[in-house]
file protein.cif (mmCIF, C-alpha atoms)
data_protein
#
loop_
_atom_site.label_atom_id
_atom_site.label_comp_id
_atom_site.auth_asym_id
_atom_site.auth_seq_id
_atom_site.Cartn_x
_atom_site.Cartn_y
_atom_site.Cartn_z
CA MET A 193 3.07 84.89 122.95
CA TRP A 194 3.63 81.19 122.42
CA ARG A 195 4.82 81.92 118.88
CA ALA A 196 7.44 84.38 120.12
CA ALA A 197 8.63 81.85 122.69
CA ALA A 198 8.87 79.19 120.01
CA VAL A 199 10.92 81.47 117.77
CA ARG A 200 13.28 82.29 120.65
CA ALA A 201 13.65 78.58 121.41
CA LEU A 202 14.42 77.75 117.80
CA ARG A 203 16.97 80.54 117.56
CA GLY A 204 18.63 79.34 120.73
CA ALA A 205 18.75 75.76 119.45
CA GLY A 206 20.62 76.86 116.35
CA ALA A 207 23.23 79.01 118.06
CA GLY A 208 26.35 78.36 120.07
CA ALA A 209 28.11 75.06 120.77
CA PRO A 210 26.55 71.75 119.66
CA ARG A 211 24.38 70.12 122.30
CA ALA A 212 25.02 66.57 123.45
CA ALA A 213 22.00 64.32 123.90
CA SER A 214 21.00 64.00 127.54
CA GLY A 215 19.71 61.07 129.57
CA ALA A 216 21.06 57.81 130.94
CA ALA A 217 20.79 55.92 127.63
CA ALA A 218 22.71 58.61 125.75
CA ALA A 219 25.39 58.72 128.44
CA GLN A 220 25.73 54.92 128.37
CA LEU A 221 26.07 55.01 124.56
CA ARG A 222 28.75 57.70 124.74
CA ARG A 223 30.80 55.69 127.26
CA ARG A 224 30.57 52.55 125.15
CA LEU A 225 31.55 54.36 121.95
CA GLU A 226 34.49 56.15 123.60
CA SER A 227 35.72 52.84 125.00
CA GLU A 228 35.48 51.18 121.59
CA LEU A 229 37.29 54.07 119.92
CA GLU A 230 40.07 53.87 122.50
CA GLU A 231 40.48 50.15 121.74
CA ILE A 232 40.93 51.00 118.05
CA ARG A 233 43.59 53.58 118.90
CA GLY A 234 45.32 51.16 121.25
CA ALA A 235 45.45 48.47 118.59
CA GLY A 236 47.18 50.86 116.20
CA THR A 237 44.37 50.55 113.63
CA TRP A 238 42.97 54.08 113.84
CA LYS A 239 42.25 55.48 110.38
CA SER A 240 42.97 59.19 109.97
CA GLU A 241 41.66 61.28 107.11
CA ARG A 242 44.24 63.62 105.66
CA VAL A 243 42.84 66.72 103.99
CA ILE A 244 43.98 67.33 100.40
CA SER A 245 44.01 70.87 99.05
CA SER A 246 44.62 70.05 95.38
CA ARG A 247 43.26 67.90 92.57
CA GLN A 248 43.73 64.14 92.64
CA GLY A 249 46.91 63.11 90.87
CA PRO A 250 50.43 61.71 91.33
CA HIS A 251 51.42 64.88 93.18
CA LEU A 252 49.18 66.33 95.89
CA ARG A 253 49.18 69.14 98.39
CA LEU A 254 48.45 68.42 102.03
CA ALA A 255 48.57 70.84 104.94
CA GLY A 256 52.27 70.02 105.38
CA GLY A 257 53.21 70.62 101.75
CA GLY A 258 53.60 68.67 98.51
CA ILE A 259 53.76 64.86 98.42
CA ILE A 260 53.85 62.02 95.88
CA ASN A 261 50.63 60.03 95.99
CA PHE A 262 50.85 56.23 95.88
CA CYS A 263 47.51 55.34 97.45
CA ALA A 264 44.82 56.39 94.95
CA ASN A 265 42.73 54.17 92.68
CA ASN A 266 43.49 56.66 89.92
CA TYR A 267 45.02 53.92 87.78
CA LEU A 268 44.91 55.73 84.43
CA GLY A 269 45.44 59.22 85.81
CA LEU A 270 42.08 60.38 84.42
CA SER A 271 40.73 61.96 87.62
CA SER A 272 42.21 65.31 86.61
CA HIS A 273 42.49 64.81 82.86
CA PRO A 274 41.54 68.10 81.15
CA GLU A 275 39.13 66.45 78.70
CA VAL A 276 37.41 64.55 81.50
CA ILE A 277 37.01 67.73 83.55
CA ARG A 278 35.71 69.63 80.51
CA ALA A 279 33.12 66.92 79.84
CA ALA A 280 31.93 67.12 83.44
CA VAL A 281 31.54 70.90 83.25
CA GLU A 282 29.64 70.68 79.97
CA ALA A 283 27.26 68.05 81.40
CA LEU A 284 26.75 70.18 84.52
CA GLU A 285 25.85 73.23 82.46
CA LYS A 286 23.55 71.37 80.05
CA PHE A 287 21.84 68.89 82.38
CA GLY A 288 22.06 70.57 85.79
CA ALA A 289 23.45 69.61 89.19
CA GLY A 290 21.22 66.61 89.75
CA LEU A 291 17.87 64.98 89.13
CA SER A 292 16.26 65.10 92.60
CA SER A 293 14.69 61.77 91.70
CA VAL A 294 15.23 58.07 91.28
CA ARG A 295 15.54 56.75 87.75
CA PHE A 296 12.01 55.35 87.25
CA ILE A 297 10.20 58.52 88.37
CA CYS A 298 11.88 61.46 86.62
CA GLY A 299 15.58 60.72 86.99
CA THR A 300 16.63 59.33 83.61
CA GLN A 301 18.30 61.69 81.16
CA SER A 302 19.66 60.90 77.72
CA ILE A 303 23.24 60.93 79.09
CA HIS A 304 22.39 58.11 81.54
CA LYS A 305 21.11 55.90 78.72
CA ASP A 306 24.07 56.84 76.53
CA LEU A 307 26.56 55.88 79.26
CA GLU A 308 24.81 52.56 79.92
CA GLU A 309 24.95 51.75 76.21
CA LYS A 310 28.63 52.72 76.12
CA ILE A 311 29.47 50.52 79.12
CA ALA A 312 27.72 47.53 77.54
CA ARG A 313 29.58 48.12 74.27
CA PHE A 314 32.92 48.44 76.06
CA HIS A 315 32.43 45.12 77.88
CA GLN A 316 30.80 43.52 74.80
CA ARG A 317 27.62 42.75 76.75
CA GLU A 318 23.94 43.19 75.93
CA ASP A 319 23.02 45.92 78.40
CA ALA A 320 24.12 47.80 81.53
CA ILE A 321 22.56 49.57 84.51
CA LEU A 322 24.05 52.44 86.52
CA TYR A 323 24.25 52.67 90.32
CA ALA A 324 25.46 55.31 92.76
CA SER A 325 28.46 53.05 93.50
CA CYS A 326 29.66 49.53 92.86
CA PHE A 327 28.93 48.86 96.53
CA ASP A 328 25.30 49.52 95.62
CA ALA A 329 25.58 47.36 92.50
CA ASN A 330 26.83 44.48 94.65
CA ALA A 331 24.15 45.15 97.26
CA GLY A 332 21.47 45.03 94.58
CA ILE A 333 22.24 42.04 92.40
CA PHE A 334 22.25 38.92 94.58
CA GLU A 335 18.96 39.64 96.34
CA ALA A 336 17.22 40.38 93.04
CA LEU A 337 18.65 37.39 91.18
CA LEU A 338 18.84 34.54 93.70
CA THR A 339 16.12 32.74 95.67
CA PRO A 340 16.15 30.08 98.44
CA GLU A 341 16.26 27.50 95.64
CA ASP A 342 19.63 28.80 94.42
CA ALA A 343 23.24 28.80 95.63
CA VAL A 344 26.05 31.35 95.59
CA LEU A 345 29.70 30.33 95.95
CA SER A 346 31.99 33.13 97.09
CA ASP A 347 35.77 33.46 97.42
CA GLU A 348 36.65 33.95 101.10
CA LEU A 349 38.62 37.14 100.33
CA ASN A 350 35.96 38.83 98.22
CA HIS A 351 35.39 42.54 98.79
CA ALA A 352 33.15 43.56 101.69
CA SER A 353 30.50 44.81 99.27
CA ILE A 354 30.18 41.33 97.70
CA ILE A 355 29.99 39.75 101.15
CA ASP A 356 27.33 42.22 102.29
CA GLY A 357 25.36 41.78 99.06
CA ILE A 358 25.36 38.01 99.47
CA ARG A 359 24.18 38.37 103.07
CA LEU A 360 21.10 40.21 101.81
CA CYS A 361 19.97 37.39 99.55
CA LYS A 362 18.16 34.21 100.58
CA ALA A 363 20.24 31.82 98.49
CA ASN A 364 22.25 29.00 100.01
CA LYS A 365 25.73 30.33 100.71
CA TYR A 366 29.05 28.55 100.18
CA ARG A 367 32.47 30.08 100.82
CA TYR A 368 35.51 28.57 99.15
CA LYS A 369 39.15 29.09 100.08
CA HIS A 370 40.91 31.95 98.34
CA MET A 371 41.53 31.04 94.68
CA ASP A 372 41.51 27.33 95.67
CA MET A 373 40.02 25.45 92.73
CA GLN A 374 39.89 22.11 94.54
CA ASP A 375 37.79 23.66 97.28
CA LEU A 376 35.58 25.43 94.75
CA GLU A 377 34.99 22.16 92.92
CA ALA A 378 34.06 20.43 96.19
CA LYS A 379 31.58 23.22 96.95
CA LEU A 380 30.15 23.05 93.43
CA LYS A 381 29.57 19.31 93.83
CA GLU A 382 27.79 19.97 97.11
CA ALA A 383 25.68 22.71 95.50
CA GLN A 384 24.36 20.48 92.69
CA LYS A 385 21.13 20.01 94.65
CA HIS A 386 20.20 23.65 94.07
CA ARG A 387 18.38 25.11 91.06
CA LEU A 388 20.97 27.70 90.03
CA ARG A 389 24.63 28.07 91.04
CA LEU A 390 26.48 31.38 90.86
CA VAL A 391 30.24 31.62 91.45
CA ALA A 392 31.12 35.11 92.70
CA THR A 393 34.67 36.43 92.75
CA ASP A 394 36.68 39.61 92.52
CA GLY A 395 38.51 39.75 89.23
CA ALA A 396 41.45 41.40 90.97
CA PHE A 397 41.64 41.39 94.76
CA SER A 398 42.12 44.89 96.11
CA MET A 399 44.09 44.04 99.25
CA ASP A 400 46.42 41.40 97.79
CA GLY A 401 46.95 42.45 94.20
CA ASP A 402 46.30 38.95 92.90
CA ILE A 403 44.11 38.02 89.96
CA ALA A 404 41.38 35.39 90.10
CA PRO A 405 42.09 32.22 88.07
CA LEU A 406 39.13 32.90 85.79
CA ARG A 407 40.03 30.27 83.21
CA GLU A 408 39.85 27.54 85.84
CA ILE A 409 36.76 29.05 87.47
CA CYS A 410 34.95 29.15 84.14
CA GLN A 411 35.97 25.56 83.35
CA LEU A 412 34.52 24.40 86.66
CA ALA A 413 31.41 26.49 86.13
CA GLN A 414 30.87 24.86 82.75
CA LYS A 415 31.47 21.39 84.21
CA TYR A 416 28.96 21.90 87.03
CA ASP A 417 26.46 24.05 85.14
CA ALA A 418 27.10 27.27 87.09
CA LEU A 419 27.18 30.97 86.21
CA VAL A 420 30.15 33.25 86.85
CA PHE A 421 29.97 36.75 88.37
CA ILE A 422 33.05 38.99 88.67
CA ASP A 423 33.64 42.32 90.40
CA GLU A 424 36.03 44.28 88.19
CA CYS A 425 36.57 47.45 90.23
CA HIS A 426 40.35 46.94 90.30
CA ALA A 427 40.61 45.72 86.71
CA THR A 428 38.32 47.80 84.49
CA GLY A 429 40.28 50.21 82.35
CA PHE A 430 43.76 48.72 82.55
CA LEU A 431 43.82 44.90 82.62
CA GLY A 432 43.64 43.11 79.29
CA PRO A 433 44.84 44.28 75.85
CA ASN A 434 42.08 46.91 75.66
CA GLY A 435 41.54 47.48 79.37
CA ARG A 436 38.28 45.54 79.50
CA GLY A 437 39.36 43.63 82.60
CA THR A 438 40.36 40.22 83.84
CA ASP A 439 37.97 38.34 81.56
CA GLU A 440 39.68 39.93 78.54
CA LEU A 441 43.13 39.41 80.08
CA LEU A 442 42.48 35.70 80.54
CA GLY A 443 40.44 35.13 77.39
CA VAL A 444 37.11 34.21 78.95
CA MET A 445 34.88 37.14 77.99
CA ASP A 446 32.31 34.76 76.51
CA LYS A 447 32.20 32.63 79.67
CA VAL A 448 31.58 35.30 82.34
CA THR A 449 27.87 36.04 82.67
CA ILE A 450 27.77 39.11 84.93
CA ILE A 451 30.22 41.96 85.53
CA ASN A 452 29.93 44.58 88.26
CA SER A 453 32.38 47.44 88.23
CA THR A 454 32.97 51.07 89.12
CA LEU A 455 33.29 54.48 87.55
CA GLY A 456 35.09 55.70 90.66
CA LYS A 457 38.56 54.33 90.02
CA ALA A 458 40.19 54.11 86.59
CA LEU A 459 37.22 55.59 84.71
CA GLY A 460 37.47 59.16 85.90
CA GLY A 461 37.45 58.51 89.62
CA ALA A 462 34.30 60.49 90.47
CA ALA A 463 31.63 58.03 91.62
CA GLY A 464 29.20 55.46 90.31
CA GLY A 465 29.04 51.77 89.59
CA TYR A 466 27.27 49.44 87.22
CA THR A 467 26.16 45.94 86.33
CA THR A 468 26.53 44.69 82.76
CA GLY A 469 25.34 41.39 81.33
CA PRO A 470 22.32 39.77 79.67
CA LYS A 471 19.49 42.19 78.87
CA PRO A 472 16.81 40.21 80.76
CA LEU A 473 18.97 40.43 83.91
CA ILE A 474 19.41 44.19 83.51
CA ASP A 475 15.65 44.57 82.94
CA LEU A 476 14.98 42.59 86.13
CA LEU A 477 17.40 44.77 88.13
CA ARG A 478 15.55 47.88 86.97
CA GLN A 479 12.40 46.36 88.46
CA ARG A 480 13.70 44.77 91.65
CA SER A 481 17.16 46.02 92.65
CA ARG A 482 16.56 48.08 95.76
CA PRO A 483 19.68 50.30 95.63
CA TYR A 484 18.70 51.24 92.06
CA LEU A 485 15.03 51.81 92.82
CA PHE A 486 15.56 53.87 95.96
CA SER A 487 18.68 55.93 95.17
CA ASN A 488 18.93 59.18 93.25
CA SER A 489 20.28 59.07 89.72
CA LEU A 490 23.97 59.70 89.16
CA PRO A 491 24.63 63.47 88.86
CA PRO A 492 25.13 64.66 85.27
CA ALA A 493 28.71 65.84 85.92
CA VAL A 494 29.67 62.36 87.12
CA VAL A 495 28.03 60.80 84.07
CA GLY A 496 29.81 63.24 81.78
CA CYS A 497 33.30 62.58 83.08
CA ALA A 498 32.81 58.77 83.12
CA SER A 499 31.54 58.86 79.55
CA LYS A 500 34.57 60.85 78.41
CA ALA A 501 36.93 58.50 80.26
CA LEU A 502 35.43 55.57 78.36
CA ASP A 503 35.80 57.49 75.09
CA LEU A 504 39.50 58.02 75.75
CA LEU A 505 39.96 54.37 76.64
CA MET A 506 38.15 53.07 73.55
CA GLU A 507 40.04 55.46 71.26
CA SER A 508 43.45 54.11 72.34
CA ASN A 509 44.82 51.46 74.68
CA ALA A 510 48.13 53.30 75.09
CA ILE A 511 47.36 54.56 78.59
CA ALA A 512 46.27 51.14 79.79
CA GLN A 513 49.32 49.46 78.31
CA SER A 514 51.70 51.91 80.01
CA MET A 515 50.82 50.40 83.39
CA ALA A 516 52.73 47.14 82.96
CA ALA A 517 56.27 48.58 82.78
CA LYS A 518 55.72 50.93 85.71
CA THR A 519 54.23 48.18 87.84
CA GLN A 520 57.14 45.87 87.04
CA ARG A 521 59.66 48.61 87.86
CA PHE A 522 58.25 49.10 91.36
CA ARG A 523 57.78 45.41 92.13
CA SER A 524 61.26 44.37 90.97
CA LYS A 525 63.05 47.18 92.82
CA MET A 526 61.14 46.56 96.05
CA THR A 527 61.80 42.83 95.89
CA ALA A 528 65.50 43.50 95.28
CA ALA A 529 65.51 45.73 98.38
CA GLY A 530 64.28 42.81 100.47
CA PHE A 531 60.53 43.48 100.77
CA THR A 532 57.80 40.89 100.20
CA ILE A 533 55.27 42.16 97.65
CA SER A 534 51.98 40.30 97.43
CA GLY A 535 50.19 39.56 94.17
CA ARG A 536 51.60 39.49 90.69
CA ASP A 537 51.66 41.88 87.71
CA HIS A 538 49.00 44.16 89.20
CA PRO A 539 49.45 47.87 90.04
CA ILE A 540 48.17 47.09 93.54
CA CYS A 541 51.46 46.28 95.26
CA PRO A 542 50.95 45.29 98.93
CA VAL A 543 54.15 45.57 100.97
CA MET A 544 53.64 42.77 103.50
CA LEU A 545 54.68 43.60 107.06
CA GLY A 546 52.46 41.47 109.33
CA ASP A 547 52.28 43.75 112.34
CA ALA A 548 49.49 46.37 112.39
CA ARG A 549 51.39 48.91 114.43
CA LEU A 550 54.49 48.56 112.22
CA ALA A 551 52.38 49.19 109.09
CA SER A 552 50.84 52.28 110.66
CA VAL A 553 54.14 53.72 111.92
CA MET A 554 55.96 53.07 108.65
CA ALA A 555 53.18 54.67 106.61
CA GLU A 556 53.37 57.77 108.81
CA ASP A 557 57.15 57.91 108.43
CA MET A 558 56.82 57.56 104.66
CA LEU A 559 54.55 60.61 104.65
CA ASN A 560 57.23 62.54 106.53
CA ARG A 561 59.50 61.71 103.59
CA GLY A 562 56.97 63.01 101.06
CA ILE A 563 55.45 59.65 100.04
CA TYR A 564 51.72 59.16 100.63
CA VAL A 565 50.86 55.50 101.32
CA ILE A 566 48.40 53.87 103.71
CA GLY A 567 48.81 50.99 106.15
CA PHE A 568 46.05 48.39 106.21
CA SER A 569 45.31 46.05 109.10
CA TYR A 570 42.45 44.14 110.70
CA PRO A 571 39.49 44.25 110.05
CA VAL A 572 40.27 45.41 106.49
CA VAL A 573 42.73 42.49 106.13
CA PRO A 574 43.11 39.33 108.26
CA LYS A 575 44.93 39.57 111.58
CA GLY A 576 48.67 39.10 111.23
CA LYS A 577 48.64 40.21 107.58
CA ALA A 578 49.01 43.97 107.92
CA ARG A 579 50.57 45.70 104.97
CA ILE A 580 51.19 49.01 103.27
CA ARG A 581 49.35 49.07 99.97
CA VAL A 582 51.09 50.89 97.15
CA GLN A 583 49.15 51.68 93.98
CA ILE A 584 50.90 52.51 90.73
CA SER A 585 49.32 54.95 88.28
CA ALA A 586 49.93 55.53 84.60
CA VAL A 587 50.87 59.12 85.44
CA HIS A 588 53.66 58.21 87.88
CA SER A 589 57.09 58.94 86.46
CA ASP A 590 60.07 56.61 86.83
CA GLU A 591 61.53 59.20 89.20
CA ASP A 592 58.39 59.05 91.35
CA ILE A 593 58.66 55.27 91.58
CA ASP A 594 62.38 55.30 92.38
CA ARG A 595 61.88 57.89 95.10
CA CYS A 596 59.15 55.74 96.65
CA VAL A 597 61.42 52.68 96.70
CA GLU A 598 64.24 54.70 98.25
CA ALA A 599 61.94 56.00 101.00
CA PHE A 600 60.64 52.49 101.72
CA THR A 601 64.19 51.21 102.05
CA GLN A 602 65.14 53.94 104.52
CA VAL A 603 61.98 53.55 106.59
CA GLY A 604 62.17 49.76 106.50
CA ARG A 605 65.70 49.76 107.92
CA LYS A 606 64.77 52.35 110.55
CA HIS A 607 61.88 50.24 111.88
CA GLY A 608 63.45 46.80 111.52
CA ALA A 609 61.41 45.63 108.53
CA LEU A 610 64.69 45.26 106.60
CA PRO A 611 68.06 44.15 107.93
#

call {"tool": "encode", "arguments": {"input": "protein.cif", "output": "structure tokens"}}
result
Amino acid sequence: MWRAAAVRALRGAGAGAPRAASGAAAAQLRRRLESELEEIRGAGTWKSERVISSRQGPHLRLAGGGIINFCANNYLGLSSHPEVIRAAVEALEKFGAGLSSVRFICGTQSIHKDLEEKIARFHQREDAILYASCFDANAGIFEALLTPEDAVLSDELNHASIIDGIRLCKANKYRYKHMDMQDLEAKLKEAQKHRLRLVATDGAFSMDGDIAPLREICQLAQKYDALVFIDECHATGFLGPNGRGTDELLGVMDKVTIINSTLGKALGGAAGGYTTGPKPLIDLLRQRSRPYLFSNSLPPAVVGCASKALDLLMESNAIAQSMAAKTQRFRSKMTAAGFTISGRDHPICPVMLGDARLASVMAEDMLNRGIYVIGFSYPVVPKGKARIRVQISAVHSDEDIDRCVEAFTQVGRKHGALP
């Protein structure tokens, strides 16, 4: 009898409307969360998720129809490249959907080792290690590498994943003003008392579109016996003559010790991240990096498409080189229209507006005109520095770019952002 009652109870639990947790604590939590959510809405910083019904690319389909997409990290347009898709399908069929394991148990296939070797070769480093994301790569490196005897010096506008990764480690922490070499030098002088010093910076800053002064950073690192770490998520694949990133662009590939980057942007856009650098460091990460040790291996389809994206990039730099002219076209036309565009010579083109609500309203109005862009405000960017971030892709046409500028001009005048 008790078994029949249990079955009826289980069936009842799985049917009908979802049940809310009961009790005073659950009710108190619900009230607090609803109040906090209302504050976000009231501040104009609510982030909506629009549902796409097509492949990623310069032209998308939303519920309301077709739009031109200017907010993806699909810098090289490889997310829907036929050869990349074909490689993913082939890897899926040959190696399966996934490994159901972490790497050191039974989660390493030949394609994982091949991709790591290819990444190291592309960056001209000794070895590489794959992660589920670059967020995980950043979460895993500082804790494994640095001890209480060491110091890490971080740019104040570094990506949240770098900040969170540094928080996890026990090293002495210094934060220097954004791209301020005088402040970095002062912090390096102060950090001389520590065993090892690591300067950590984004190569290209995702919210501002500016590029770290790596030459000067490396000169200071050499002067004060420090190592240099760069996050290349918004540089790998399209900055530098061969798309190797900011260290290649600025001629300091032999002076940067550690690179973390992603497979989820220019290199196919699926998922995954990595660390590349000295082999002993990579060996240590395989032993001690917690996100690596306790996360499933990258799915074969993801590995396959990232590997093909790297093949295409190493075969020809034509795609990477096509970015410069398109980026310049957008930046020059927007500046001529009267907008302030942050950064320089990077396909991330932040249209600076200041007011969070204005950025949100303008982005919504742009969508009504068939242009998909996103407004960013606090806490993603500092208060008073809200902006609409535009991202140029190699697969945008000149007509796409001109239409975007025209829509910005109309919306800017409508909402008082332009005279």

call {"tool": "resolve_selection", "arguments": {"input": "protein.cif", "expression": "the PyMOL selection byres ((chain A and resi 489-506) around 7)", "output": "JSON, numbers by chain"}}
result
{"A": [270, 276, 277, 279, 280, 281, 283, 284, 287, 288, 289, 290, 291, 293, 294, 295, 299, 303, 304, 307, 324, 455, 459, 460, 462, 463, 464, 487, 488, 507, 508, 509]}

call {"tool": "residues_around", "arguments": {"input": "protein.cif", "residues": "region 434-442 of chain A", "least_positions_apart": "4", "cutoff": "9 Å", "atoms": "all atoms listed in the file", "output": "PyMOL selection string"}}
result
chain A and resi 314-315+395-396+403-407+422+424-430+446-448+505-506+508-510+512-513

call {"tool": "residues_around", "arguments": {"input": "protein.cif", "residues": "Gly546 (chain A)", "least_positions_apart": "2", "cutoff": "6 Å", "atoms": "only C-alpha atoms", "output": "list in words"}}
result
Gly576, Lys577 and Ala578 of chain A

call {"tool": "residues_near_point", "arguments": {"input": "protein.cif", "point": "(51.3, 38.1, 95.7)", "cutoff": "7 Å", "atoms": "all atoms listed in the file", "output": "PyMOL selection string"}}
result
chain A and resi 400-402+533-536

call {"tool": "resolve_selection", "arguments": {"input": "protein.cif", "expression": "the PyMOL selection byres ((chain A and resi 233-247) around 8)", "output": "PyMOL selection string"}}
result
chain A and resi 229-232+248-249+252-255+272+548-549+552+568-570

call {"tool": "atom_distance", "arguments": {"input": "protein.cif", "atom1": "CA of Arg523 (chain A)", "atom2": "CA of Asp537 (chain A)"}}
result
8.3 Å

call {"tool": "closest_residue", "arguments": {"input": "protein.cif", "among": "A:Arg389, A:Tyr366, A:Ser514, A:Gln411", "to": "Gly432 (chain A)", "atoms": "all atoms listed in the file"}}
result
A:Ser514

call {"tool": "resolve_selection", "arguments": {"input": "protein.cif", "expression": "the PyMOL selection byres ((chain A and resi 359) around 12)", "output": "number ranges by chain"}}
result
A: 330-335, 338, 344, 346, 352-358, 360-367

call {"tool": "closest_residue", "arguments": {"input": "protein.cif", "among": "A:Ala216, A:Ile511, A:Val572, A:Ala458", "to": "Asn350 (chain A)", "atoms": "all atoms listed in the file"}}
result
A:Val572

call {"tool": "closest_residue", "arguments": {"input": "protein.cif", "among": "A:Cys596, A:Ala586, A:Leu349, A:Ile580", "to": "Ala529 (chain A)", "atoms": "all atoms listed in the file"}}
result
A:Cys596

call {"tool": "build_atoms", "arguments": {"input": "protein.cif", "residues": "region 259-270 of chain A", "atoms": "N, CA, C and O atoms", "output": "CSV table (one decimal), in the frame of the given file"}}
result
chain,number,residue,atom,x,y,z
A,259,ILE,N,53.4,66.3,98.3
A,259,ILE,CA,53.8,64.9,98.4
A,259,ILE,C,53.5,64.1,97.1
A,259,ILE,O,52.8,64.6,96.2
A,260,ILE,N,54.1,62.9,97.0
A,260,ILE,CA,53.8,62.0,95.9
A,260,ILE,C,52.8,61.0,96.3
A,260,ILE,O,53.0,60.3,97.4
A,261,ASN,N,51.8,60.9,95.6
A,261,ASN,CA,50.6,60.0,96.0
A,261,ASN,C,50.7,58.6,95.4
A,261,ASN,O,50.7,58.4,94.2
A,262,PHE,N,50.8,57.6,96.3
A,262,PHE,CA,50.8,56.2,95.9
A,262,PHE,C,49.7,55.4,96.5
A,262,PHE,O,49.9,54.2,96.8
A,263,CYS,N,48.6,56.1,96.8
A,263,CYS,CA,47.5,55.3,97.4
A,263,CYS,C,46.2,55.6,96.8
A,263,CYS,O,45.1,55.2,97.4
A,264,ALA,N,46.1,56.1,95.6
A,264,ALA,CA,44.8,56.4,95.0
A,264,ALA,C,44.5,55.3,94.0
A,264,ALA,O,45.4,54.6,93.5
A,265,ASN,N,43.2,55.1,93.7
A,265,ASN,CA,42.7,54.2,92.7
A,265,ASN,C,42.7,54.8,91.3
A,265,ASN,O,42.0,54.3,90.4
A,266,ASN,N,43.5,55.9,91.1
A,266,ASN,CA,43.5,56.7,89.9
A,266,ASN,C,44.4,56.0,88.9
A,266,ASN,O,45.4,56.6,88.5
A,267,TYR,N,44.1,54.8,88.5
A,267,TYR,CA,45.0,53.9,87.8
A,267,TYR,C,45.5,54.5,86.5
A,267,TYR,O,46.6,54.4,86.1
A,268,LEU,N,44.6,55.2,85.7
A,268,LEU,CA,44.9,55.7,84.4
A,268,LEU,C,45.2,57.2,84.5
A,268,LEU,O,45.5,57.8,83.5
A,269,GLY,N,45.2,57.8,85.7
A,269,GLY,CA,45.4,59.2,85.8
A,269,GLY,C,44.4,60.1,85.2
A,269,GLY,O,44.6,61.3,84.9
A,270,LEU,N,43.1,59.6,85.1
A,270,LEU,CA,42.1,60.4,84.4
A,270,LEU,C,41.3,61.3,85.4
A,270,LEU,O,40.4,62.1,84.9
